[in-house]
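Pasting data.txt here (compact mmCIF, C-alpha atoms):
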```
# COMPACT_ATOMS: atom_id res chain seq x y z
CA MET A 1 -149.57 61.47 92.45
CA GLU A 2 -153.27 62.05 91.96
CA ASP A 3 -154.07 58.57 93.26
CA ASN A 4 -152.97 59.64 96.72
CA ALA A 5 -155.38 62.53 96.77
CA ALA A 6 -158.17 60.20 95.67
CA LEU A 7 -157.49 58.07 98.74
CA VAL A 8 -158.32 60.97 101.02
CA ALA A 9 -161.07 62.84 99.21
CA PRO A 10 -164.60 61.56 99.93
CA ARG A 11 -166.81 60.87 96.94
CA ALA A 12 -170.43 61.92 96.82
CA ASP A 13 -171.72 58.56 95.59
CA GLU A 14 -170.00 56.56 98.29
CA VAL A 15 -171.85 54.81 101.08
CA PRO A 16 -171.12 56.84 104.23
CA ASP A 17 -168.49 55.44 106.58
CA SER A 18 -171.03 55.29 109.39
CA ALA A 19 -173.38 53.13 107.29
CA LEU A 20 -170.49 50.78 106.53
CA LEU A 21 -169.70 50.58 110.22
CA VAL A 22 -173.28 49.68 111.08
CA ALA A 23 -173.29 47.04 108.33
CA PHE A 24 -170.03 45.68 109.71
CA SER A 25 -171.45 45.44 113.21
CA ASN A 26 -174.32 43.41 111.69
CA GLY A 27 -171.80 40.88 110.41
CA ASP A 28 -170.95 42.30 106.97
CA ALA A 29 -167.20 41.69 106.67
CA GLN A 30 -167.14 43.28 103.22
CA ALA A 31 -168.25 46.58 104.77
CA GLY A 32 -165.33 46.27 107.17
CA ARG A 33 -162.97 45.71 104.26
CA GLN A 34 -164.29 48.83 102.57
CA LEU A 35 -163.58 50.81 105.73
CA VAL A 36 -160.04 49.45 105.76
CA ALA A 37 -159.59 50.52 102.13
CA ARG A 38 -160.82 54.03 102.96
CA LEU A 39 -159.34 54.66 106.37
CA GLY A 40 -156.17 52.56 106.24
CA PRO A 41 -154.18 54.70 103.76
CA MET A 42 -155.39 57.96 105.35
CA LEU A 43 -154.48 56.97 108.87
CA PHE A 44 -151.20 55.41 107.78
CA GLY A 45 -150.14 58.58 105.93
CA TYR A 46 -150.91 60.67 108.97
CA ALA A 47 -149.22 58.33 111.47
CA ALA A 48 -146.15 57.90 109.28
CA ARG A 49 -145.71 61.68 109.07
CA VAL A 50 -146.24 62.21 112.77
CA LEU A 51 -144.11 59.26 113.91
CA GLY A 52 -141.49 59.32 111.16
CA ASP A 53 -141.48 55.51 111.12
CA HIS A 54 -143.53 53.24 108.88
CA GLY A 55 -143.38 50.22 111.18
CA ASP A 56 -144.73 52.20 114.11
CA ALA A 57 -147.36 53.72 111.82
CA GLU A 58 -148.56 50.23 110.84
CA ASP A 59 -148.88 49.21 114.49
CA VAL A 60 -150.87 52.33 115.32
CA VAL A 61 -153.23 51.95 112.36
CA GLN A 62 -153.84 48.29 113.09
CA GLU A 63 -154.67 49.07 116.70
CA THR A 64 -157.00 51.87 115.58
CA MET A 65 -158.93 49.52 113.30
CA LEU A 66 -159.16 46.84 115.99
CA ARG A 67 -160.66 49.45 118.32
CA LEU A 68 -163.05 50.46 115.56
CA TRP A 69 -164.28 46.87 115.17
CA LYS A 70 -164.73 46.61 118.93
CA MET A 71 -166.61 49.89 119.12
CA ALA A 72 -168.80 49.22 116.04
CA PRO A 73 -171.83 47.72 117.88
CA ASP A 74 -172.09 50.86 120.03
CA TRP A 75 -171.74 53.33 117.13
CA ARG A 76 -174.57 55.83 116.90
CA GLN A 77 -175.04 57.38 113.48
CA GLY A 78 -175.00 61.14 113.40
CA GLU A 79 -173.06 61.64 116.63
CA ALA A 80 -169.62 61.93 115.08
CA LYS A 81 -167.81 61.20 111.84
CA VAL A 82 -166.02 57.89 111.67
CA THR A 83 -162.96 59.60 110.19
CA THR A 84 -162.84 62.09 113.08
CA TRP A 85 -163.10 59.27 115.59
CA ALA A 86 -160.42 57.24 113.80
CA TYR A 87 -158.00 60.15 113.52
CA ARG A 88 -158.48 60.94 117.20
CA VAL A 89 -157.64 57.37 118.20
CA THR A 90 -154.67 57.30 115.86
CA MET A 91 -153.44 60.64 117.15
CA ASN A 92 -153.66 59.48 120.76
CA LEU A 93 -151.84 56.25 119.95
CA CYS A 94 -149.16 58.29 118.17
CA THR A 95 -148.83 60.52 121.24
CA ASP A 96 -148.36 57.44 123.44
CA ARG A 97 -145.68 56.13 121.09
CA LEU A 98 -143.86 59.44 121.04
CA ARG A 99 -143.89 59.59 124.85
CA GLN A 100 -142.48 56.08 125.12
CA ARG A 101 -139.84 56.84 122.56
CA GLN A 102 -138.81 60.13 124.19
CA ALA A 103 -137.06 61.42 121.09
CA ARG A 104 -138.32 61.29 117.52
CA PRO A 105 -135.62 60.32 115.02
CA GLN A 106 -134.54 63.34 113.05
CA VAL A 107 -134.57 62.98 109.31
CA ALA A 108 -131.29 63.51 107.50
CA LEU A 109 -131.20 65.69 104.41
CA ASN A 110 -129.23 65.40 101.24
CA ALA A 111 -127.44 68.64 100.56
CA VAL A 112 -128.76 70.65 97.63
CA ALA A 113 -126.11 71.29 95.03
CA GLU A 114 -126.79 74.83 93.85
CA PRO A 115 -126.68 77.63 96.44
CA THR A 116 -129.62 80.01 96.10
CA ALA A 117 -130.65 83.43 97.35
CA ASP A 118 -133.43 82.40 99.71
CA LEU A 119 -135.60 79.53 100.95
CA ALA A 120 -138.22 79.91 98.23
CA SER A 121 -135.56 79.76 95.52
CA ALA A 122 -134.03 76.65 97.10
CA VAL A 123 -137.44 74.98 97.20
CA GLU A 124 -138.12 75.88 93.56
CA LEU A 125 -135.06 73.94 92.48
CA MET A 126 -136.09 70.76 94.26
CA THR A 127 -138.01 67.77 92.98
CA ALA A 128 -141.29 66.86 94.69
CA ARG A 129 -139.51 64.02 96.47
CA GLN A 130 -136.80 66.33 97.77
CA ARG A 131 -139.41 68.79 98.96
CA SER A 132 -141.29 66.07 100.79
CA GLU A 133 -138.08 64.87 102.45
CA MET A 134 -137.24 68.42 103.40
CA LEU A 135 -140.67 68.82 104.94
CA ASP A 136 -140.29 65.57 106.91
CA ALA A 137 -136.93 66.77 108.19
CA ALA A 138 -138.39 70.06 109.36
CA LEU A 139 -141.46 68.37 110.87
CA SER A 140 -139.25 66.03 112.86
CA VAL A 141 -138.00 68.83 115.12
CA LEU A 142 -141.43 70.29 115.94
CA PRO A 143 -143.05 69.70 119.35
CA ASP A 144 -145.54 66.81 119.09
CA ARG A 145 -148.76 68.82 119.35
CA GLN A 146 -147.61 71.40 116.83
CA ARG A 147 -146.56 68.68 114.41
CA GLN A 148 -149.91 66.90 114.77
CA ALA A 149 -151.85 70.12 114.18
CA VAL A 150 -149.74 71.13 111.18
CA VAL A 151 -150.03 67.70 109.59
CA LEU A 152 -153.80 67.61 110.13
CA ARG A 153 -154.25 71.11 108.70
CA HIS A 154 -151.78 71.29 105.84
CA LEU A 155 -151.25 67.66 104.81
CA GLU A 156 -154.49 65.91 105.75
CA GLY A 157 -156.64 68.90 104.76
CA PHE A 158 -158.88 69.12 107.83
CA SER A 159 -160.57 72.38 108.76
CA ASN A 160 -159.74 74.02 112.08
CA PRO A 161 -163.08 72.99 113.70
CA GLU A 162 -162.48 69.39 112.59
CA ILE A 163 -158.96 69.47 114.04
CA ALA A 164 -160.38 70.92 117.25
CA GLU A 165 -162.70 67.91 117.48
CA ILE A 166 -159.92 65.43 116.71
CA MET A 167 -157.50 67.00 119.19
CA ASP A 168 -160.23 67.73 121.73
CA ILE A 169 -159.25 71.39 122.06
CA GLY A 170 -160.78 74.72 121.05
CA VAL A 171 -160.56 76.21 117.58
CA GLU A 172 -158.41 79.08 118.84
CA ALA A 173 -155.96 76.61 120.32
CA VAL A 174 -155.78 74.90 116.93
CA GLU A 175 -155.05 78.21 115.21
CA SER A 176 -152.35 78.93 117.75
CA LEU A 177 -150.77 75.48 117.34
CA THR A 178 -150.71 75.65 113.54
CA ALA A 179 -149.35 79.22 113.53
CA ARG A 180 -146.60 78.35 115.98
CA GLY A 181 -145.96 75.14 114.06
CA LYS A 182 -145.45 77.03 110.80
CA ARG A 183 -143.08 79.47 112.47
CA ALA A 184 -141.16 76.56 113.95
CA LEU A 185 -141.01 74.90 110.52
CA LYS A 186 -139.47 78.02 108.98
CA LYS A 187 -137.02 78.25 111.84
CA ALA A 188 -136.06 74.60 111.33
CA LEU A 189 -135.57 75.17 107.61
CA TYR A 190 -133.43 78.26 108.23
CA GLY A 191 -131.44 76.22 110.73
CA ARG A 192 -130.51 73.89 107.89
CA ARG A 193 -129.87 76.55 105.28
CA GLU A 194 -126.28 75.41 104.77
CA GLU A 195 -127.45 71.88 103.96
CA LEU A 196 -130.23 73.24 101.79
CA GLY A 197 -127.98 75.77 100.09
CA PHE A 198 -129.60 79.15 100.57
CA GLU A 199 -128.63 82.44 102.15
CA ASP A 200 -130.36 83.97 105.15
CA ASP A 201 -130.91 87.50 103.88
CA ARG A 202 -133.70 88.33 106.29
CA LYS A 203 -133.34 91.80 107.79
CA GLN A 204 -132.12 91.62 111.34
CA PRO A 205 -134.26 93.66 113.80
CA MET B 5 -142.82 90.65 97.75
CA THR B 6 -141.62 90.49 101.34
CA GLU B 7 -139.29 87.81 102.60
CA SER B 8 -141.99 86.54 104.91
CA ASN B 9 -144.38 86.07 101.97
CA ARG B 10 -141.70 84.26 100.03
CA ASP B 11 -141.13 81.98 103.03
CA ASP B 12 -144.86 81.30 103.20
CA ILE B 13 -144.86 80.41 99.50
CA ALA B 14 -141.89 78.09 100.07
CA LEU B 15 -143.72 76.45 102.96
CA GLU B 16 -146.89 76.01 100.91
CA THR B 17 -144.81 74.45 98.12
CA LEU B 18 -143.42 72.00 100.66
CA PHE B 19 -146.90 71.19 101.96
CA ALA B 20 -148.11 70.56 98.41
CA ALA B 21 -145.21 68.16 97.89
CA GLY B 22 -146.03 66.51 101.21
CA ARG B 23 -149.62 65.96 100.06
CA SER B 24 -148.55 64.48 96.74
CA GLU B 25 -145.74 62.36 98.20
CA ARG B 26 -147.96 60.88 100.85
CA PRO B 27 -146.53 57.85 102.72
CA LEU B 28 -148.54 54.85 101.55
CA PRO B 29 -149.07 51.56 103.36
CA SER B 30 -148.11 48.31 101.68
CA GLY B 31 -150.80 46.11 100.16
CA GLU B 32 -149.71 43.30 102.46
CA PHE B 33 -150.34 45.47 105.50
CA LEU B 34 -153.79 46.55 104.29
CA GLU B 35 -154.70 42.92 103.63
CA ARG B 36 -153.64 42.04 107.16
CA VAL B 37 -155.91 44.75 108.56
CA ALA B 38 -158.73 43.65 106.23
CA ALA B 39 -158.37 40.13 107.62
CA SER B 40 -159.04 41.57 111.07
CA ALA B 41 -162.29 42.96 109.64
CA ASP B 42 -163.26 39.44 108.52
CA ALA B 43 -162.57 38.12 112.01
CA GLY B 44 -164.34 41.03 113.69
CA ALA B 45 -167.49 40.68 111.59
CA ALA B 46 -167.81 37.04 112.58
CA GLY B 47 -168.84 38.12 116.07
CA PRO B 48 -167.09 37.46 119.35
CA ARG B 49 -163.89 35.56 118.85
CA PRO B 50 -164.21 31.85 119.72
CA ALA B 51 -161.92 30.46 122.39
CA PRO B 52 -158.72 29.07 120.90
CA ALA B 53 -159.04 25.39 119.98
CA ALA B 54 -157.38 22.94 122.35
CA ARG B 55 -154.45 20.95 121.02
CA PRO B 56 -155.44 17.43 119.79
CA VAL B 57 -153.66 15.58 122.61
CA LEU B 58 -155.18 17.83 125.22
CA ARG B 59 -158.57 17.44 123.57
CA LEU B 60 -158.36 13.64 123.80
CA ALA B 61 -157.35 13.82 127.44
CA LEU B 62 -160.30 16.07 128.15
CA LEU B 63 -162.60 13.71 126.27
CA GLY B 64 -161.35 10.78 128.37
CA ARG B 65 -162.10 12.65 131.56
CA VAL B 66 -165.57 13.49 130.35
CA PHE B 67 -166.25 9.83 129.55
CA ALA B 68 -164.90 8.72 132.91
CA ALA B 69 -166.93 11.26 134.83
CA SER B 70 -170.12 10.71 132.88
CA GLY B 71 -169.70 6.91 133.09
CA LEU B 72 -169.45 6.91 136.84
CA SER B 73 -172.22 9.33 137.47
CA GLY B 74 -174.40 7.69 134.83
CA ALA B 75 -174.00 4.26 136.40
CA ALA B 76 -174.71 5.64 139.84
CA ALA B 77 -177.81 7.43 138.61
CA LEU B 78 -179.04 4.36 136.74
CA GLY B 79 -178.51 2.13 139.75
CA ALA B 80 -180.36 4.51 142.01
CA TRP B 81 -183.22 4.79 139.56
CA ILE B 82 -183.57 1.03 139.14
CA GLY B 83 -183.46 0.60 142.86
CA PHE B 84 -186.11 3.21 143.29
CA VAL B 85 -188.66 2.05 140.71
CA MET B 86 -188.00 -1.71 140.71
CA PRO B 87 -186.55 -2.80 144.01
CA GLU B 88 -187.67 -6.35 143.36
CA ALA B 89 -185.56 -6.51 140.17
CA ILE B 90 -182.28 -5.95 141.92
CA ASP B 91 -183.10 -8.11 144.88
CA PRO B 92 -182.02 -11.50 143.46
CA LEU B 93 -179.04 -10.04 141.60
CA THR B 94 -177.16 -8.14 144.21
CA LEU B 95 -178.75 -7.95 147.57
CA GLY B 96 -179.60 -11.41 148.73
CA SER B 97 -182.56 -11.60 151.02
CA ASP B 98 -182.08 -8.41 153.04
CA ASP B 99 -183.24 -5.77 150.57
CA THR B 100 -184.05 -3.19 153.21
CA VAL B 101 -180.43 -2.66 154.23
CA ALA B 102 -179.21 -2.68 150.65
CA LEU B 103 -181.77 -0.12 149.45
CA ALA B 104 -181.01 2.10 152.37
CA THR B 105 -177.37 2.05 151.14
CA PHE B 106 -178.41 3.13 147.65
CA LEU B 107 -180.91 5.73 148.75
CA PRO B 108 -179.91 7.19 152.07
CA GLY B 109 -182.73 8.97 153.86
CA THR B 110 -185.44 7.27 151.82
CA ASP B 111 -188.49 5.88 153.56
CA ILE B 112 -187.99 2.29 152.47
CA GLU B 113 -191.02 1.03 154.32
CA ALA B 114 -193.26 3.43 152.49
CA ILE B 115 -191.89 2.36 149.12
CA LEU B 116 -192.28 -1.30 149.87
CA ASP B 117 -195.84 -0.78 151.02
CA GLU B 118 -196.87 0.71 147.68
```
Would you encode the structure as structure tokens?
Amino acid sequence: MEDNAALVAPRADEVPDSALLVAFSNGDAQAGRQLVARLGPMLFGYAARVLGDHGDAEDVVQETMLRLWKMAPDWRQGEAKVTTWAYRVTMNLCTDRLRQRQARPQVALNAVAEPTADLASAVELMTARQRSEMLDAALSVLPDRQRQAVVLRHLEGFSNPEIAEIMDIGVEAVESLTARGKRALKKALYGRREELGFEDDRKQP
Amino acid sequence: MTESNRDDIALETLFAAGRSERPLPSGEFLERVAASADAGAAGPRPAPAARPVLRLALLGRVFAASGLSGAAALGAWIGFVMPEAIDPLTLGSDDTVALATFLPGTDIEAILDE
């Protein structure tokens, strides 16, 4: 789905987000609509992955955009990227939701028919949709901060310094979160190896 | 290739699928958010409009209040600038007492002397 990637990747000939925001604060509603078209799908994809619920993701994205409109008159160009600001707000709203909810719903998996030798072989046999569902299932058991860092790094494509800015932590802390998150993902996948149909032939220490 | 590397490859394959199978918002939702941009660009939100019945009631009160105060102000003004005009209409022969009623604290003698 190349269209999805196009939603996230910035284009060189585009008017910068910050310029659109300034135009919006000067009464240009069309600039606001352009920001919605750019940020809406990005933030929704992130929130849906972190929250595991599309309805909650919509609420969070809408609230983020309302805060953006409110903040627009005070925006100073060059201080921060609009996307970084928006992701930070969305992430914090997601964190609030997850705290209120206490437990994130775990995603069920459809069993894979053919048993395979290892995880990689099982993944090779899956369709893209099955792989994505498998990833969601594994993400659902991660601690919130690890899940947010992993999604930002490996699904949203942010660099570690950018994630550090979004999460308001140091770069080393980001590296630690993503590394632990990946280990936890593997552990979660191995925990479901019977559903996924592969053997655990890792050497025991 | 070690098992760990193969696991990493499996994980990267899953991430790639996650990027391509990105959850997408509905067009209806995006339009709803875009509508909030239209409202936001129009400046501070106006106060919600009063219901028609309530609006009429408010209008009546405004008329009543402005009518009373307007009449009082007009009467006071006429009494002030043309005391002789109201004399035959309302006050009989004793204009001093009547004007003092309209304009308490006013130096009636001074006005009449002008």
What gap, in Å, lies between CA of Ala31 in chain A and CA of Thr83 in chain A? 15.1 Å
Which residues are near Glu58 in chain A? Cut-off 12 Å, all atoms listed in the file, ignore same chain within fewer than 2 positions. Put them as a PyMOL selection string. (chain A and resi 40-49+51-56+60-65+90+93-94) or (chain B and resi 27-37)
Could you tell me which residues of chain B sit within 10 Å of chain A when counting only C-alpha atoms, and give me the result as a PyMOL selection string? chain B and resi 6-31+33-48
When you draw a straight line from CA of Leu142 in chain A to CA of Gly181 in chain A, how long is it in Å?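 Spanning CA of Leu142 in chain A to CA of Gly181 in chain A is a straight-line distance of 6.9 Å.
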Which value, in Å to one decimal, gives the distance between CA of Val15 in chain A and CA of Val82 in chain A?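 Computed distance, CA of Val15 in chain A to CA of Val82 in chain A, equals 12.5 Å.
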Top pick for closest residue to Phe158 in chain A, considering A:Thr84, A:Asn92, A:Gln100, A:Ser18 and counting all atoms listed in the file: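 The answer is A:Thr84, which sits nearest to Phe158 in chain A.
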So which one's closest to Arg101 in chain A, A:Leu196, A:Ala19, A:Asp144, A:Arg180? Using all atoms listed in the file, please.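 That would be A:Asp144, the residue with the smallest distance to Arg101 in chain A.
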Could you give me, as a VMD selection string, the residues that have an atom at most 12 Å away from the point (-163.7, 62.5, 115.1) in the coordinates of the file, using only C-alpha atoms? chain A and resid 18 78 to 92 158 161 to 168
For the residues in the current selection, export C-alpha atoms as an mmCIF file, in the coordinates of the input.
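Full text of part-v2.cif as output:
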```
data_model
loop_
_atom_site.group_PDB
_atom_site.id
_atom_site.type_symbol
_atom_site.label_atom_id
_atom_site.label_comp_id
_atom_site.auth_asym_id
_atom_site.auth_seq_id
_atom_site.Cartn_x
_atom_site.Cartn_y
_atom_site.Cartn_z
ATOM 1 C CA SER A 18 -171.030 55.290 109.390
ATOM 2 C CA GLY A 78 -175.000 61.140 113.400
ATOM 3 C CA GLU A 79 -173.060 61.640 116.630
ATOM 4 C CA ALA A 80 -169.620 61.930 115.080
ATOM 5 C CA LYS A 81 -167.810 61.200 111.840
ATOM 6 C CA VAL A 82 -166.020 57.890 111.670
ATOM 7 C CA THR A 83 -162.960 59.600 110.190
ATOM 8 C CA THR A 84 -162.840 62.090 113.080
ATOM 9 C CA TRP A 85 -163.100 59.270 115.590
ATOM 10 C CA ALA A 86 -160.420 57.240 113.800
ATOM 11 C CA TYR A 87 -158.000 60.150 113.520
ATOM 12 C CA ARG A 88 -158.480 60.940 117.200
ATOM 13 C CA VAL A 89 -157.640 57.370 118.200
ATOM 14 C CA THR A 90 -154.670 57.300 115.860
ATOM 15 C CA MET A 91 -153.440 60.640 117.150
ATOM 16 C CA ASN A 92 -153.660 59.480 120.760
ATOM 17 C CA PHE A 158 -158.880 69.120 107.830
ATOM 18 C CA PRO A 161 -163.080 72.990 113.700
ATOM 19 C CA GLU A 162 -162.480 69.390 112.590
ATOM 20 C CA ILE A 163 -158.960 69.470 114.040
ATOM 21 C CA ALA A 164 -160.380 70.920 117.250
ATOM 22 C CA GLU A 165 -162.700 67.910 117.480
ATOM 23 C CA ILE A 166 -159.920 65.430 116.710
ATOM 24 C CA MET A 167 -157.500 67.000 119.190
ATOM 25 C CA ASP A 168 -160.230 67.730 121.730
#
```
Within 8 Å of Val174 in chain A using all atoms listed in the file, minus same-chain residues under 3 positions, as a list in words: Ala149, Asn160, Ile163, Ala164, Ile169, Gly170, Val171, Leu177 and Thr178 of chain A
If I only have part of range 20-30 of chain B, can you fill in all heavy atoms and write it as a PDB file, in the frame of the given file?
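Here's the written file out_28.pdb:
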```pdb
ATOM      1  N   ALA B  20    -147.534  71.169  99.619  1.00  0.00           N
ATOM      2  CA  ALA B  20    -148.110  70.560  98.410  1.00  0.00           C
ATOM      3  C   ALA B  20    -147.341  69.295  98.048  1.00  0.00           C
ATOM      4  O   ALA B  20    -147.937  68.269  97.679  1.00  0.00           O
ATOM      5  CB  ALA B  20    -148.071  71.563  97.258  1.00  0.00           C
ATOM      6  N   ALA B  21    -146.020  69.358  98.182  1.00  0.00           N
ATOM      7  CA  ALA B  21    -145.210  68.160  97.890  1.00  0.00           C
ATOM      8  C   ALA B  21    -145.515  67.070  98.911  1.00  0.00           C
ATOM      9  O   ALA B  21    -145.593  65.887  98.562  1.00  0.00           O
ATOM     10  CB  ALA B  21    -143.731  68.527  97.940  1.00  0.00           C
ATOM     11  N   GLY B  22    -145.711  67.479 100.164  1.00  0.00           N
ATOM     12  CA  GLY B  22    -146.030  66.510 101.210  1.00  0.00           C
ATOM     13  C   GLY B  22    -147.352  65.808 100.929  1.00  0.00           C
ATOM     14  O   GLY B  22    -147.497  64.610 101.169  1.00  0.00           O
ATOM     15  N   ARG B  23    -148.316  66.561 100.383  1.00  0.00           N
ATOM     16  CA  ARG B  23    -149.620  65.960 100.060  1.00  0.00           C
ATOM     17  C   ARG B  23    -149.498  64.995  98.876  1.00  0.00           C
ATOM     18  O   ARG B  23    -150.137  63.946  98.856  1.00  0.00           O
ATOM     19  CB  ARG B  23    -150.649  67.049  99.743  1.00  0.00           C
ATOM     20  CG  ARG B  23    -151.100  67.850 100.966  1.00  0.00           C
ATOM     21  CD  ARG B  23    -152.300  68.737 100.654  1.00  0.00           C
ATOM     22  NE  ARG B  23    -151.960  69.846  99.761  1.00  0.00           N
ATOM     23  CZ  ARG B  23    -151.542  71.044 100.165  1.00  0.00           C
ATOM     24  NH1 ARG B  23    -151.389  71.284 101.461  1.00  0.00           N
ATOM     25  NH2 ARG B  23    -151.268  71.993  99.302  1.00  0.00           N
ATOM     26  N   SER B  24    -148.668  65.356  97.916  1.00  0.00           N
ATOM     27  CA  SER B  24    -148.550  64.480  96.740  1.00  0.00           C
ATOM     28  C   SER B  24    -147.625  63.287  96.996  1.00  0.00           C
ATOM     29  O   SER B  24    -147.811  62.226  96.410  1.00  0.00           O
ATOM     30  CB  SER B  24    -148.059  65.276  95.532  1.00  0.00           C
ATOM     31  OG  SER B  24    -146.729  65.688  95.730  1.00  0.00           O
ATOM     32  N   GLU B  25    -146.667  63.457  97.872  1.00  0.00           N
ATOM     33  CA  GLU B  25    -145.740  62.360  98.200  1.00  0.00           C
ATOM     34  C   GLU B  25    -146.155  61.699  99.509  1.00  0.00           C
ATOM     35  O   GLU B  25    -145.344  61.474 100.401  1.00  0.00           O
ATOM     36  CB  GLU B  25    -144.308  62.897  98.310  1.00  0.00           C
ATOM     37  CG  GLU B  25    -143.739  63.459  97.034  1.00  0.00           C
ATOM     38  CD  GLU B  25    -143.383  62.378  96.035  1.00  0.00           C
ATOM     39  OE1 GLU B  25    -142.945  61.304  96.468  1.00  0.00           O
ATOM     40  OE2 GLU B  25    -143.555  62.618  94.833  1.00  0.00           O
ATOM     41  N   ARG B  26    -147.420  61.425  99.607  1.00  0.00           N
ATOM     42  CA  ARG B  26    -147.960  60.880 100.850  1.00  0.00           C
ATOM     43  C   ARG B  26    -147.403  59.489 101.137  1.00  0.00           C
ATOM     44  O   ARG B  26    -147.360  58.635 100.240  1.00  0.00           O
ATOM     45  CB  ARG B  26    -149.477  60.793 100.673  1.00  0.00           C
ATOM     46  CG  ARG B  26    -150.244  60.423 101.888  1.00  0.00           C
ATOM     47  CD  ARG B  26    -151.732  60.369 101.565  1.00  0.00           C
ATOM     48  NE  ARG B  26    -152.456  59.985 102.762  1.00  0.00           N
ATOM     49  CZ  ARG B  26    -152.781  60.841 103.720  1.00  0.00           C
ATOM     50  NH1 ARG B  26    -152.460  62.108 103.599  1.00  0.00           N
ATOM     51  NH2 ARG B  26    -153.404  60.437 104.801  1.00  0.00           N
ATOM     52  N   PRO B  27    -146.974  59.224 102.396  1.00  0.00           N
ATOM     53  CA  PRO B  27    -146.530  57.850 102.720  1.00  0.00           C
ATOM     54  C   PRO B  27    -147.692  56.875 102.558  1.00  0.00           C
ATOM     55  O   PRO B  27    -148.779  57.110 103.081  1.00  0.00           O
ATOM     56  CB  PRO B  27    -146.116  57.952 104.199  1.00  0.00           C
ATOM     57  CG  PRO B  27    -145.943  59.401 104.485  1.00  0.00           C
ATOM     58  CD  PRO B  27    -146.869  60.116 103.547  1.00  0.00           C
ATOM     59  N   LEU B  28    -147.470  55.819 101.818  1.00  0.00           N
ATOM     60  CA  LEU B  28    -148.540  54.850 101.550  1.00  0.00           C
ATOM     61  C   LEU B  28    -148.243  53.515 102.230  1.00  0.00           C
ATOM     62  O   LEU B  28    -147.095  53.069 102.255  1.00  0.00           O
ATOM     63  CB  LEU B  28    -148.686  54.625 100.045  1.00  0.00           C
ATOM     64  CG  LEU B  28    -149.293  55.784  99.248  1.00  0.00           C
ATOM     65  CD1 LEU B  28    -149.252  55.470  97.761  1.00  0.00           C
ATOM     66  CD2 LEU B  28    -150.725  56.040  99.702  1.00  0.00           C
ATOM     67  N   PRO B  29    -149.276  52.879 102.754  1.00  0.00           N
ATOM     68  CA  PRO B  29    -149.070  51.560 103.360  1.00  0.00           C
ATOM     69  C   PRO B  29    -148.896  50.496 102.284  1.00  0.00           C
ATOM     70  O   PRO B  29    -149.356  50.675 101.156  1.00  0.00           O
ATOM     71  CB  PRO B  29    -150.353  51.340 104.155  1.00  0.00           C
ATOM     72  CG  PRO B  29    -151.393  52.108 103.393  1.00  0.00           C
ATOM     73  CD  PRO B  29    -150.681  53.307 102.807  1.00  0.00           C
ATOM     74  N   SER B  30    -148.270  49.398 102.649  1.00  0.00           N
ATOM     75  CA  SER B  30    -148.110  48.310 101.680  1.00  0.00           C
ATOM     76  C   SER B  30    -149.436  47.561 101.531  1.00  0.00           C
ATOM     77  O   SER B  30    -150.286  47.572 102.435  1.00  0.00           O
ATOM     78  CB  SER B  30    -147.030  47.339 102.172  1.00  0.00           C
ATOM     79  OG  SER B  30    -147.492  46.662 103.331  1.00  0.00           O
TER      80      SER B  30
END
```
